[in-house]
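model-v8.cif follows; it contains mmCIF, C-alpha atoms.
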data_protein
loop_
_atom_site.label_atom_id
_atom_site.label_comp_id
_atom_site.auth_asym_id
_atom_site.auth_seq_id
_atom_site.Cartn_x
_atom_site.Cartn_y
_atom_site.Cartn_z
CA MET A 1 206.21 -19.22 77.03
CA ASP A 2 209.27 -21.30 76.47
CA ILE A 3 209.34 -24.91 77.58
CA HIS A 4 211.93 -24.29 80.31
CA GLU A 5 209.64 -21.78 81.92
CA LEU A 6 206.50 -23.80 81.31
CA THR A 7 207.74 -27.11 82.72
CA PRO A 8 208.09 -25.99 86.38
CA LEU A 9 204.78 -24.14 86.08
CA VAL A 10 203.00 -27.28 84.94
CA GLU A 11 204.72 -29.14 87.76
CA ALA A 12 203.33 -26.59 90.20
CA LEU A 13 199.80 -27.05 88.85
CA ILE A 14 199.99 -30.82 89.12
CA PHE A 15 201.45 -30.56 92.60
CA ALA A 16 198.77 -28.22 93.88
CA ALA A 17 195.79 -29.89 92.22
CA ASP A 18 193.21 -31.62 94.36
CA GLY A 19 193.45 -34.86 92.41
CA PRO A 20 194.50 -35.96 88.96
CA ILE A 21 194.45 -32.84 86.78
CA LYS A 22 193.59 -32.96 83.10
CA VAL A 23 195.69 -31.45 80.33
CA GLU A 24 192.67 -29.49 79.09
CA ARG A 25 192.23 -27.97 82.53
CA MET A 26 195.83 -26.81 82.69
CA ALA A 27 195.73 -25.48 79.13
CA GLU A 28 192.64 -23.48 80.06
CA ALA A 29 194.19 -22.11 83.24
CA LEU A 30 197.37 -21.03 81.47
CA ASP A 31 195.67 -20.03 78.25
CA LEU A 32 197.95 -22.25 76.24
CA GLU A 33 197.59 -25.03 73.70
CA GLN A 34 197.14 -28.53 75.03
CA ALA A 35 200.12 -29.67 72.99
CA GLU A 36 202.35 -27.27 74.93
CA ILE A 37 201.14 -28.70 78.25
CA SER A 38 201.71 -32.23 76.98
CA ALA A 39 205.23 -31.31 75.97
CA ALA A 40 205.88 -29.92 79.45
CA ILE A 41 204.53 -33.12 81.01
CA GLU A 42 206.84 -35.15 78.82
CA ALA A 43 209.75 -32.98 79.86
CA LEU A 44 208.82 -33.50 83.52
CA GLU A 45 208.58 -37.25 83.07
CA ALA A 46 211.98 -37.31 81.39
CA ASP A 47 213.39 -35.20 84.20
CA TYR A 48 211.98 -37.52 86.90
CA GLU A 49 213.46 -40.45 85.04
CA GLU A 50 216.88 -38.87 84.84
CA HIS A 51 216.90 -37.50 88.38
CA PRO A 52 214.62 -39.79 90.37
CA ARG A 53 212.50 -38.20 93.09
CA GLY A 54 210.45 -39.71 95.84
CA PHE A 55 207.47 -39.38 93.58
CA PHE A 56 206.66 -40.00 89.95
CA MET A 57 203.97 -38.83 87.57
CA GLN A 58 201.08 -41.16 86.96
CA GLU A 59 198.47 -40.76 84.26
CA VAL A 60 195.28 -41.58 86.05
CA SER A 61 191.60 -41.18 85.38
CA GLY A 62 192.24 -38.94 82.38
CA GLY A 63 194.60 -36.63 84.26
CA TYR A 64 198.03 -36.46 85.86
CA GLN A 65 198.97 -36.86 89.50
CA LEU A 66 202.19 -37.00 91.47
CA ARG A 67 202.37 -40.16 93.52
CA THR A 68 205.06 -41.61 95.73
CA ARG A 69 207.15 -44.39 94.25
CA PRO A 70 205.90 -47.88 95.02
CA GLU A 71 209.22 -48.97 96.52
CA TYR A 72 208.67 -46.57 99.41
CA ALA A 73 205.25 -48.02 100.23
CA ASP A 74 206.39 -49.77 103.43
CA TYR A 75 207.80 -46.58 104.91
CA LEU A 76 204.83 -44.47 103.92
CA ARG A 77 202.43 -46.99 105.36
CA LYS A 78 204.22 -46.58 108.68
CA LEU A 79 203.25 -42.94 108.55
CA GLY A 80 199.77 -44.40 108.29
CA GLN A 81 197.08 -41.78 108.55
CA SER A 82 194.63 -44.17 106.99
CA ARG A 83 194.56 -47.91 106.82
CA PRO A 84 194.59 -49.12 103.21
CA PHE A 85 191.45 -50.73 101.94
CA LYS A 86 192.00 -54.46 101.90
CA PHE A 87 189.95 -56.28 99.33
CA SER A 88 188.27 -59.55 100.12
CA ARG A 89 188.28 -62.09 97.32
CA PRO A 90 184.52 -61.81 96.73
CA ALA A 91 184.84 -58.02 96.54
CA LEU A 92 187.72 -58.25 94.10
CA GLU A 93 185.98 -60.81 91.90
CA SER A 94 182.78 -58.80 91.77
CA LEU A 95 184.65 -55.58 91.13
CA SER A 96 186.52 -57.20 88.23
CA ILE A 97 183.32 -58.53 86.69
CA ILE A 98 181.68 -55.12 86.99
CA ALA A 99 184.74 -53.35 85.59
CA TYR A 100 184.98 -55.54 82.52
CA ARG A 101 181.32 -56.09 81.81
CA GLN A 102 179.78 -52.74 82.71
CA PRO A 103 176.99 -51.82 82.48
CA VAL A 104 176.04 -54.93 84.37
CA THR A 105 173.27 -56.00 86.75
CA ARG A 106 173.77 -57.69 90.08
CA SER A 107 172.21 -60.91 88.83
CA GLU A 108 174.69 -61.06 85.97
CA VAL A 109 177.52 -60.78 88.50
CA GLU A 110 175.89 -63.49 90.58
CA TYR A 111 175.47 -65.80 87.62
CA LEU A 112 179.14 -65.46 86.73
CA ARG A 113 180.33 -65.99 90.27
CA GLY A 114 177.75 -68.58 91.20
CA VAL A 115 177.14 -66.90 94.56
CA ASP A 116 174.94 -64.22 96.04
CA SER A 117 176.73 -60.90 95.64
CA GLY A 118 174.31 -58.44 97.23
CA SER A 119 176.40 -57.48 100.23
CA VAL A 120 179.58 -57.26 98.18
CA VAL A 121 177.94 -54.92 95.69
CA LYS A 122 176.72 -52.80 98.60
CA THR A 123 180.22 -52.56 100.06
CA LEU A 124 181.65 -51.57 96.69
CA LEU A 125 178.98 -48.88 96.39
CA GLU A 126 179.83 -47.59 99.86
CA LYS A 127 183.51 -47.50 98.97
CA ARG A 128 182.49 -45.55 95.87
CA LEU A 129 184.31 -47.95 93.61
CA ILE A 130 181.14 -48.64 91.67
CA ARG A 131 178.05 -46.58 91.02
CA ILE A 132 174.52 -47.07 89.80
CA LEU A 133 174.35 -46.18 86.13
CA GLY A 134 170.61 -46.56 85.83
CA LYS A 135 167.99 -49.21 85.48
CA LYS A 136 167.86 -51.93 82.92
CA ASP A 137 164.75 -51.96 80.78
CA VAL A 138 163.74 -55.51 81.57
CA PRO A 139 161.05 -56.82 83.93
CA GLY A 140 161.88 -55.84 87.50
CA LYS A 141 163.96 -52.90 86.29
CA PRO A 142 167.18 -54.04 87.96
CA MET A 143 169.91 -51.51 88.69
CA ILE A 144 172.89 -51.50 86.40
CA TYR A 145 176.34 -50.82 87.76
CA GLY A 146 179.62 -49.45 86.48
CA THR A 147 182.92 -48.34 87.95
CA THR A 148 183.76 -44.81 89.16
CA THR A 149 186.69 -42.44 88.75
CA GLU A 150 187.66 -43.44 92.30
CA PHE A 151 188.10 -46.95 90.94
CA LEU A 152 190.46 -45.67 88.23
CA GLN A 153 192.35 -43.61 90.81
CA LEU A 154 192.70 -46.49 93.23
CA PHE A 155 194.26 -48.78 90.67
CA GLY A 156 196.13 -46.02 88.85
CA LEU A 157 194.36 -46.53 85.54
CA SER A 158 194.20 -43.78 82.93
CA ASP A 159 190.86 -45.12 81.68
CA LEU A 160 188.93 -48.38 81.40
CA ALA A 161 190.92 -49.38 78.32
CA ALA A 162 193.96 -49.54 80.60
CA LEU A 163 192.51 -52.48 82.55
CA PRO A 164 194.69 -55.59 82.42
CA THR A 165 193.87 -57.69 79.37
CA LEU A 166 191.26 -60.30 80.02
CA ARG A 167 192.74 -63.65 79.10
CA GLU A 168 190.46 -65.95 77.16
CA PHE A 169 190.76 -69.52 78.28
CA SER A 170 189.96 -72.60 76.31
CA GLU A 171 191.27 -74.77 79.09
CA LEU A 172 191.98 -74.59 82.77
CA VAL A 173 195.14 -73.04 84.11
CA PRO A 174 197.14 -75.19 86.52
CA GLU A 175 196.47 -74.10 90.07
CA GLU A 176 199.95 -72.86 90.90
CA GLU A 177 199.29 -69.88 88.69
CA ASN A 178 196.27 -68.90 90.65
CA GLY A 179 198.13 -67.92 93.76
CA ASP A 180 198.89 -69.99 96.80
CA PHE A 181 195.65 -69.60 98.70
CA MET A 182 194.62 -73.01 97.41
CA ALA A 183 197.75 -74.64 98.74
CA SER A 184 196.18 -75.34 102.09
CA MET A 185 193.06 -76.85 100.63
CA PRO A 186 193.99 -80.28 99.20
CA LEU A 187 194.20 -81.62 102.76
CA LEU A 188 190.44 -81.68 103.10
CA VAL A 189 189.80 -82.97 99.62
CA GLU A 190 192.15 -85.86 100.12
CA GLU A 191 190.52 -86.84 103.36
CA VAL A 192 187.14 -86.82 101.74
CA GLY A 193 188.42 -88.77 98.78
CA GLU A 194 189.82 -91.51 100.96
CA GLU A 195 186.55 -92.23 102.69
CA MET B 1 189.98 -81.82 117.84
CA THR B 2 188.47 -78.40 117.79
CA GLY B 3 191.74 -77.20 116.36
CA THR B 4 191.30 -79.34 113.27
CA MET B 5 187.74 -78.18 112.88
CA ASP B 6 188.82 -74.59 112.95
CA ASN B 7 191.32 -75.47 110.29
CA TYR B 8 188.65 -76.83 108.04
CA ALA B 9 186.51 -73.80 108.54
CA ILE B 10 189.31 -71.52 107.47
CA GLN B 11 190.12 -73.62 104.48
CA LEU B 12 186.56 -73.78 103.27
CA ASP B 13 186.50 -70.04 103.43
CA ASN B 14 189.00 -70.15 100.64
CA PHE B 15 186.31 -71.11 98.21
CA GLU B 16 184.30 -68.24 96.89
CA GLY B 17 181.51 -70.50 95.77
CA PRO B 18 180.54 -73.70 94.04
CA LEU B 19 182.21 -72.73 90.77
CA ASP B 20 185.47 -72.11 92.59
CA LEU B 21 185.22 -75.42 94.39
CA LEU B 22 184.42 -77.28 91.18
CA LEU B 23 187.27 -75.59 89.37
CA HIS B 24 189.61 -76.69 92.12
CA LEU B 25 188.39 -80.30 92.03
CA ILE B 26 188.76 -80.54 88.26
CA LYS B 27 192.26 -79.15 88.34
CA LYS B 28 193.33 -81.22 91.29
CA ASN B 29 192.21 -84.41 89.55
CA GLU B 30 193.68 -83.23 86.26
CA MET B 31 190.38 -83.79 84.55
CA ASP B 32 189.71 -82.65 81.01
CA VAL B 33 187.37 -79.71 81.36
CA TYR B 34 185.68 -80.62 78.06
CA ASP B 35 185.12 -84.17 79.17
CA ILE B 36 184.41 -83.95 82.87
CA PRO B 37 183.75 -87.38 84.38
CA MET B 38 180.42 -86.47 85.96
CA ALA B 39 180.13 -89.48 88.25
CA GLU B 40 183.53 -88.85 89.81
CA ILE B 41 183.24 -85.10 90.12
CA THR B 42 179.75 -85.37 91.62
CA ARG B 43 180.99 -87.94 94.14
CA GLN B 44 183.85 -85.70 95.24
CA TYR B 45 181.72 -82.58 95.31
CA LEU B 46 179.05 -84.24 97.45
CA GLY B 47 181.80 -85.64 99.67
CA ILE B 48 182.98 -82.14 100.45
CA LEU B 49 179.46 -80.97 101.10
CA ASP B 50 179.03 -83.88 103.52
CA ALA B 51 182.21 -82.90 105.29
CA MET B 52 180.94 -79.34 105.56
CA LYS B 53 177.68 -80.56 106.98
CA SER B 54 179.30 -82.83 109.54
CA LEU B 55 181.44 -79.94 110.65
CA ASN B 56 178.28 -77.96 111.15
CA LEU B 57 179.35 -75.34 108.72
CA ASP B 58 176.75 -73.00 107.55
CA MET B 59 176.43 -74.04 103.96
CA ALA B 60 175.30 -71.51 101.45
CA GLY B 61 172.38 -72.50 99.27
CA GLU B 62 174.49 -71.98 96.17
CA PHE B 63 176.53 -75.07 97.02
CA LEU B 64 173.37 -77.15 97.16
CA LEU B 65 172.12 -75.69 93.92
CA MET B 66 175.34 -76.73 92.22
CA ALA B 67 175.01 -80.22 93.72
CA ALA B 68 171.56 -80.46 92.16
CA THR B 69 172.94 -79.23 88.83
CA LEU B 70 175.70 -81.84 88.91
CA LEU B 71 173.23 -84.61 89.67
CA HIS B 72 170.95 -83.38 86.94
CA ILE B 73 173.74 -83.43 84.37
CA LYS B 74 174.88 -86.84 85.57
CA SER B 75 171.40 -88.34 85.22
CA LYS B 76 170.93 -86.72 81.83
CA MET B 77 174.10 -88.40 80.64
CA LEU B 78 172.84 -91.77 81.79
CA LEU B 79 169.83 -91.51 79.54
CA PRO B 80 170.19 -93.10 76.13
CA LYS B 81 171.04 -90.48 73.57
CA ILE B 82 168.41 -89.66 71.00
CA VAL B 83 170.40 -89.46 67.80
CA GLU B 84 169.70 -86.27 65.96
CA ASP B 85 172.13 -85.77 63.15
CA GLU B 86 171.69 -82.04 62.80
CA LEU B 87 172.79 -81.39 66.32
CA GLU B 88 176.45 -80.88 67.02
CA GLU B 89 177.69 -83.26 69.62
CA GLU B 90 179.02 -80.47 71.77
CA GLU B 91 175.74 -78.62 71.92
CA ASP B 92 174.06 -81.82 72.85
CA ASP B 93 176.43 -82.36 75.74
CA PRO B 94 174.56 -81.59 78.98
CA ARG B 95 177.89 -80.44 80.42
CA ALA B 96 178.41 -77.67 77.87
CA GLU B 97 176.78 -74.91 79.91
CA LEU B 98 178.72 -75.85 83.04
CA VAL B 99 182.01 -75.89 81.13
CA ARG B 100 181.30 -72.45 79.72
CA ARG B 101 180.55 -71.08 83.16
CA LEU B 102 183.70 -72.62 84.61
CA LEU B 103 185.93 -71.10 81.95
CA GLU B 104 184.20 -67.75 82.24
CA TYR B 105 184.55 -67.78 86.01
CA GLN B 106 188.22 -68.69 85.74
CA LYS B 107 188.73 -65.70 83.48
CA TYR B 108 187.45 -63.20 86.05
CA LYS B 109 189.04 -64.96 88.96
CA GLU B 110 192.42 -64.67 87.30
CA VAL B 111 192.04 -61.07 86.24
CA SER B 112 190.90 -60.09 89.72
CA LEU B 113 194.23 -61.35 91.07
CA THR B 114 196.08 -59.35 88.43
CA LEU B 115 194.11 -56.28 89.43
CA GLU B 116 194.87 -56.85 93.08
CA SER B 117 198.58 -56.98 92.35
CA LYS B 118 198.54 -53.55 90.70
CA PRO B 119 199.94 -50.74 92.83
CA GLN B 120 197.03 -49.27 94.73
CA LEU B 121 196.60 -45.71 95.89
CA GLY B 122 196.77 -45.60 99.66
CA ARG B 123 198.43 -49.02 99.82
CA ASP B 124 201.44 -48.82 97.51
CA LEU B 125 201.31 -45.30 96.20
CA PHE B 126 200.44 -42.14 98.04
CA ALA B 127 199.35 -38.78 96.78
CA ARG B 128 199.28 -35.44 98.49
CA VAL B 129 196.23 -34.96 100.66
CA SER B 130 194.94 -31.47 100.08
CA ALA B 131 193.54 -29.23 102.77
CA GLU B 132 189.93 -28.15 102.56
CA PRO B 133 190.33 -24.89 100.72
CA GLU B 134 186.74 -23.70 101.21
CA VAL B 135 187.10 -23.54 104.96
CA LEU B 136 190.48 -21.85 104.82
CA GLU B 137 189.75 -19.15 102.32
CA ASN B 138 186.79 -17.85 104.28
CA ALA B 139 188.94 -17.30 107.34
CA GLU B 140 186.63 -19.40 109.41
CA ALA B 141 189.48 -21.58 110.53
CA GLY B 142 188.39 -23.95 113.20
CA PHE B 143 185.02 -24.53 111.59
CA VAL B 144 184.02 -27.58 109.60
CA SER B 145 181.06 -28.05 107.31
CA VAL B 146 177.97 -29.56 108.87
CA GLY B 147 176.98 -32.99 107.64
CA LEU B 148 173.45 -34.15 107.00
CA PHE B 149 173.23 -36.28 110.12
CA ASP B 150 174.29 -33.49 112.43
CA LEU B 151 171.66 -31.31 110.84
CA VAL B 152 168.95 -33.90 111.34
CA GLU B 153 170.11 -34.36 114.93
CA ALA B 154 169.83 -30.63 115.50
CA LEU B 155 166.32 -30.62 114.04
CA LYS B 156 165.37 -33.43 116.38
CA GLU B 157 166.57 -31.38 119.33
CA VAL B 158 164.56 -28.29 118.44
CA MET B 159 161.54 -30.43 117.62
CA LYS B 160 161.63 -31.74 121.19
CA GLU B 161 160.90 -28.23 122.38
CA SER B 162 157.62 -28.16 120.52
CA PRO B 163 155.92 -31.49 121.03
CA GLU B 164 153.40 -32.77 118.56
CA PRO B 165 149.88 -31.68 119.56
CA LEU B 166 147.65 -34.57 120.44
CA VAL B 167 144.60 -33.11 118.77
CA HIS B 168 144.59 -32.72 115.07
CA GLU B 169 143.55 -29.30 113.95
CA VAL B 170 143.32 -28.02 110.45
CA ASN B 171 144.82 -24.56 110.36
CA MET B 172 145.45 -22.12 107.65
CA GLU B 173 149.13 -21.87 106.90
CA LYS B 174 150.20 -18.70 108.60
CA LEU B 175 153.85 -18.83 107.76
CA SER B 176 155.30 -19.39 104.36
CA VAL B 177 158.83 -20.56 103.71
CA THR B 178 159.48 -17.37 101.74
CA ASP B 179 158.43 -15.22 104.69
CA ARG B 180 160.65 -17.18 106.97
CA ILE B 181 163.58 -16.89 104.56
CA ASN B 182 163.22 -13.13 104.61
CA ALA B 183 162.93 -13.11 108.38
CA ILE B 184 166.08 -15.18 108.78
CA LEU B 185 167.97 -12.97 106.34
CA SER B 186 167.02 -9.81 108.20
CA GLN B 187 167.97 -11.50 111.46
CA LEU B 188 171.36 -12.31 109.99
CA GLN B 189 171.88 -8.78 108.71
CA GLY B 190 174.94 -7.23 110.28
CA GLN B 191 175.59 -10.35 112.32
CA GLU B 192 178.62 -12.50 111.88
CA SER B 193 176.70 -15.63 112.76
CA ILE B 194 173.67 -16.91 114.61
CA ALA B 195 173.40 -20.09 116.59
CA PHE B 196 171.20 -22.64 114.89
CA THR B 197 169.09 -23.03 118.02
CA ASP B 198 168.57 -19.26 118.33
CA LEU B 199 166.55 -19.34 115.14
CA PHE B 200 164.15 -21.72 116.85
CA SER B 201 163.86 -19.92 120.16
CA GLY B 202 160.74 -18.27 121.47
CA GLY B 203 158.49 -21.30 121.82
CA LEU B 204 157.82 -21.91 118.16
CA LYS B 205 155.00 -24.18 117.17
CA ARG B 206 155.90 -27.43 115.47
CA THR B 207 154.79 -26.15 112.08
CA GLU B 208 156.87 -23.03 112.57
CA VAL B 209 159.90 -25.13 113.43
CA ILE B 210 159.46 -27.09 110.23
CA VAL B 211 158.97 -24.00 108.10
CA THR B 212 162.07 -22.46 109.65
CA PHE B 213 164.06 -25.58 108.95
CA LEU B 214 162.85 -25.68 105.35
CA ALA B 215 163.72 -22.02 104.98
CA LEU B 216 167.24 -22.74 106.20
CA LEU B 217 167.61 -25.60 103.76
CA GLU B 218 166.45 -23.35 100.94
CA LEU B 219 168.95 -20.70 101.98
CA VAL B 220 171.76 -23.21 101.94
CA LYS B 221 170.65 -24.38 98.55
CA LEU B 222 170.62 -20.82 97.30
CA ARG B 223 174.08 -20.42 98.84
CA MET B 224 172.95 -17.47 100.94
CA VAL B 225 173.89 -19.01 104.26
CA ARG B 226 176.32 -21.66 105.38
CA PHE B 227 176.19 -24.06 108.28
CA MET B 228 179.40 -24.50 110.20
CA GLN B 229 180.41 -26.07 113.49
CA ASN B 230 183.53 -25.77 115.63
CA VAL B 231 184.03 -29.47 115.94
CA ARG B 232 182.29 -32.46 114.50
CA HIS B 233 178.99 -32.91 116.31
CA GLY B 234 179.42 -29.53 117.96
CA SER B 235 176.78 -26.85 117.98
CA ILE B 236 175.76 -25.52 114.59
CA TRP B 237 176.19 -21.91 113.55
CA VAL B 238 174.55 -20.18 110.64
CA PHE B 239 176.82 -17.84 108.69
CA PRO B 240 175.61 -15.47 106.03
CA ALA B 241 177.46 -16.28 102.83
CA VAL B 242 179.19 -12.97 102.31
CA VAL B 243 180.49 -13.62 98.88
CA ILE B 244 177.97 -15.11 96.55
CA GLU B 245 180.16 -16.88 94.08
CA GLU B 246 180.10 -15.79 90.48
CA SER B 247 177.89 -18.62 89.41
CA GLU B 248 180.12 -19.81 86.62
CA GLU B 249 180.94 -23.02 88.36
CA LEU B 250 178.49 -23.98 91.06
CA ASP B 251 179.80 -26.74 93.24
CA LEU B 252 177.11 -29.36 92.92
CA GLY B 253 178.66 -31.63 95.49
CA ASP B 254 177.26 -29.41 98.23
CA ASP B 255 179.02 -30.91 101.17
CA SER B 256 177.40 -28.61 103.68
CA LEU B 257 174.25 -30.61 103.02
CA GLY B 258 176.04 -33.86 103.38
CA TYR B 259 175.59 -34.91 99.78
CA SER B 260 179.26 -34.89 98.92
#
Would you mind giving the structure from this file in structure tokens?
Amino acid sequence: MDIHELTPLVEALIFAADGPIKVERMAEALDLEQAEISAAIEALEADYEEHPRGFFMQEVSGGYQLRTRPEYADYLRKLGQSRPFKFSRPALESLSIIAYRQPVTRSEVEYLRGVDSGSVVKTLLEKRLIRILGKKDVPGKPMIYGTTTEFLQLFGLSDLAALPTLREFSELVPEEENGDFMASMPLLVEEVGEE
Amino acid sequence: MTGTMDNYAIQLDNFEGPLDLLLHLIKKNEMDVYDIPMAEITRQYLGILDAMKSLNLDMAGEFLLMAATLLHIKSKMLLPKIVEDELEEEEDDPRAELVRRLLEYQKYKEVSLTLESKPQLGRDLFARVSAEPEVLENAEAGFVSVGLFDLVEALKEVMKESPEPLVHEVNMEKLSVTDRINAILSQLQGQESIAFTDLFSGGLKRTEVIVTFLALLELVKLRMVRFMQNVRHGSIWVFPAVVIEESEELDLGDDSLGYS
């Protein structure tokens, strides 16, 4: 099949798929080489770049999916069938630790965060962002956790290697870089300091 | 006055834990993380804890544990140093462990903010939501798969009809699950569907109810029947599975059992 015929066909498969669809899966369905599918995907991506659509192709969780462009988020949210999942800071911190250090036990997460993380881990399990990988072979046989494909899909990651690079610190970063949630805090500290 | 107190409460919420609070104090005071002035940091930390206490805030035990750690390090540093040449000064520093934890915590705290800022599915990006093909292709439009809880609820209802006998009797098992499976299958023969409760009619004994229920579960597992309902929490209907799928790809996430 020539690439001009194949490209819209691959587009159709990606469009109709239930979730991110893998190249292998498409190659199998069409009885073609994976390289041919990949070429068609590249052609599609080039086409979307040249003639922008409301959606774009994202490589996610080992497959490909059509997703709306981020600049339309506000409008699409107004359509709002489902409220987006808003992360709390504890949830986000715990999720990050689990993502980067998996397989990891709850107590390892708690040691790193310095706070009890039981309920946060439970919430993440319920949201299917993490899963139990098994039990660690140490006394007490604690559960070990890792992230799920839902996690990859939520953050649009092709695999775990696509996680943002973990910056190693040898010193502290000035607070401005850490977001403005701290901005309201110094008030209290100053008052205490003046006592 | 209460207004200010509410303010404090909100602001304290900003701290995820003692490490976060400590990190903030060190940065705010522009302290050298490798040479933390323990006396000063402990004073400030305890000051905040006092403020929390006087505001009647529910203080998590972790904050107290960190206070104890700080005091412990501080007192250790007051002790005269036993000079041991082989030991590196840094390893000897009672603060080393705390510094390592602070830097490690900072690492994950920062990356979690980076992660949060990535475009998220359902928040920034949207994908097509697909229809449930299984329901559609079987032309049973209007029916949805029965979840586990609905099934348990239905069992509870039919169990009510046959109350638990007060006297315990040891009986020979008269009905096997296999027998019941065959009975249900012959009942289903030529029928489009049977109401779940119909299978339990006729004043069944409690054991018979259970065997029937087990038989139904087996049948679902074997993909010989399907449970459907018109609406969520509606009455449950048992359909014979007309087409037994070519078992090349069995759907393990059997959502009609509520495991999906």
Mind dumping a table of every chain A residue within 6 Å of chain B, with the nearest atom pair and its distance in Å to one decimal, using only C-alpha atoms, sorted by chain and rising number, as a tab-separated table?
residue	atom	partner	partner_atom	distance
A:Asp18	CA	B:Ser130	CA	6.0
A:Arg67	CA	B:Ala127	CA	4.7
A:Thr68	CA	B:Phe126	CA	5.2
A:Pro70	CA	B:Asp124	CA	5.2
A:Ala73	CA	B:Asp124	CA	4.7
A:Pro84	CA	B:Arg123	CA	5.1
A:Leu92	CA	B:Ser112	CA	5.7
A:Glu93	CA	B:Ser112	CA	5.4
A:Ser96	CA	B:Ser112	CA	5.5
A:Leu112	CA	B:Tyr105	CA	5.9
A:Val115	CA	B:Gly17	CA	5.8
A:Leu154	CA	B:Leu121	CA	4.8
A:Phe155	CA	B:Gln120	CA	4.9
A:Met185	CA	B:Gln11	CA	5.8
A:Val192	CA	B:Gly47	CA	5.8
task = Quick one: apply the PyMOL selection byres ((chain A and resi 43-46) around 12) to the file and drop the selected residues here as a PyMOL selection string.
result = chain A and resi 3-12+14+36-42+47-53+55-59+64-66
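Distance check against Tyr145 (chain A) using all atoms listed in the file: of A:Ala16, A:Leu163, A:Leu79, A:Leu125, the minimum falls on A:Leu125.
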query = Mind pulling up the distance from CA of Ala241 (chain B) to CA of Gly190 (chain B)?
reply = 12.0 Å
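The coordinates place CA of Ser176 (chain B) at 23.0 Å from CA of Trp237 (chain B).
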task = Report as an MDAnalysis selection string the residues that result from applying the PyMOL selection byres ((chain B and resi 191) around 12) to the structure here.
result = chainID B and resid 184:190 192:195 225 237:242
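Atom pair CA of Thr123 (chain A) / CA of Met143 (chain A): separated by 15.4 Å.
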request  = Find the spatial neighbours of region 150-166 of chain B, counting all atoms listed in the file, within a cut-off of 12 Å - ignore same-chain residues fewer than 2 positions away - and output them as an MDAnalysis selection string.
outcome  = chainID B and resid 144:148 168:170 195:214 216:217 227:229 231:238 256:258
Write to file, as a PDB file, in the frame of the given file, the residues of the selection just made, with C-alpha atoms.
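Wrote selection_4.pdb, looks like this:
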ATOM      1  CA  VAL B 144     184.020 -27.580 109.600  1.00  0.00           C
ATOM      2  CA  SER B 145     181.060 -28.050 107.310  1.00  0.00           C
ATOM      3  CA  VAL B 146     177.970 -29.560 108.870  1.00  0.00           C
ATOM      4  CA  GLY B 147     176.980 -32.990 107.640  1.00  0.00           C
ATOM      5  CA  LEU B 148     173.450 -34.150 107.000  1.00  0.00           C
ATOM      6  CA  HIS B 168     144.590 -32.720 115.070  1.00  0.00           C
ATOM      7  CA  GLU B 169     143.550 -29.300 113.950  1.00  0.00           C
ATOM      8  CA  VAL B 170     143.320 -28.020 110.450  1.00  0.00           C
ATOM      9  CA  ALA B 195     173.400 -20.090 116.590  1.00  0.00           C
ATOM     10  CA  PHE B 196     171.200 -22.640 114.890  1.00  0.00           C
ATOM     11  CA  THR B 197     169.090 -23.030 118.020  1.00  0.00           C
ATOM     12  CA  ASP B 198     168.570 -19.260 118.330  1.00  0.00           C
ATOM     13  CA  LEU B 199     166.550 -19.340 115.140  1.00  0.00           C
ATOM     14  CA  PHE B 200     164.150 -21.720 116.850  1.00  0.00           C
ATOM     15  CA  SER B 201     163.860 -19.920 120.160  1.00  0.00           C
ATOM     16  CA  GLY B 202     160.740 -18.270 121.470  1.00  0.00           C
ATOM     17  CA  GLY B 203     158.490 -21.300 121.820  1.00  0.00           C
ATOM     18  CA  LEU B 204     157.820 -21.910 118.160  1.00  0.00           C
ATOM     19  CA  LYS B 205     155.000 -24.180 117.170  1.00  0.00           C
ATOM     20  CA  ARG B 206     155.900 -27.430 115.470  1.00  0.00           C
ATOM     21  CA  THR B 207     154.790 -26.150 112.080  1.00  0.00           C
ATOM     22  CA  GLU B 208     156.870 -23.030 112.570  1.00  0.00           C
ATOM     23  CA  VAL B 209     159.900 -25.130 113.430  1.00  0.00           C
ATOM     24  CA  ILE B 210     159.460 -27.090 110.230  1.00  0.00           C
ATOM     25  CA  VAL B 211     158.970 -24.000 108.100  1.00  0.00           C
ATOM     26  CA  THR B 212     162.070 -22.460 109.650  1.00  0.00           C
ATOM     27  CA  PHE B 213     164.060 -25.580 108.950  1.00  0.00           C
ATOM     28  CA  LEU B 214     162.850 -25.680 105.350  1.00  0.00           C
ATOM     29  CA  LEU B 216     167.240 -22.740 106.200  1.00  0.00           C
ATOM     30  CA  LEU B 217     167.610 -25.600 103.760  1.00  0.00           C
ATOM     31  CA  PHE B 227     176.190 -24.060 108.280  1.00  0.00           C
ATOM     32  CA  MET B 228     179.400 -24.500 110.200  1.00  0.00           C
ATOM     33  CA  GLN B 229     180.410 -26.070 113.490  1.00  0.00           C
ATOM     34  CA  VAL B 231     184.030 -29.470 115.940  1.00  0.00           C
ATOM     35  CA  ARG B 232     182.290 -32.460 114.500  1.00  0.00           C
ATOM     36  CA  HIS B 233     178.990 -32.910 116.310  1.00  0.00           C
ATOM     37  CA  GLY B 234     179.420 -29.530 117.960  1.00  0.00           C
ATOM     38  CA  SER B 235     176.780 -26.850 117.980  1.00  0.00           C
ATOM     39  CA  ILE B 236     175.760 -25.520 114.590  1.00  0.00           C
ATOM     40  CA  TRP B 237     176.190 -21.910 113.550  1.00  0.00           C
ATOM     41  CA  VAL B 238     174.550 -20.180 110.640  1.00  0.00           C
ATOM     42  CA  SER B 256     177.400 -28.610 103.680  1.00  0.00           C
ATOM     43  CA  LEU B 257     174.250 -30.610 103.020  1.00  0.00           C
ATOM     44  CA  GLY B 258     176.040 -33.860 103.380  1.00  0.00           C
TER      45      GLY B 258
END
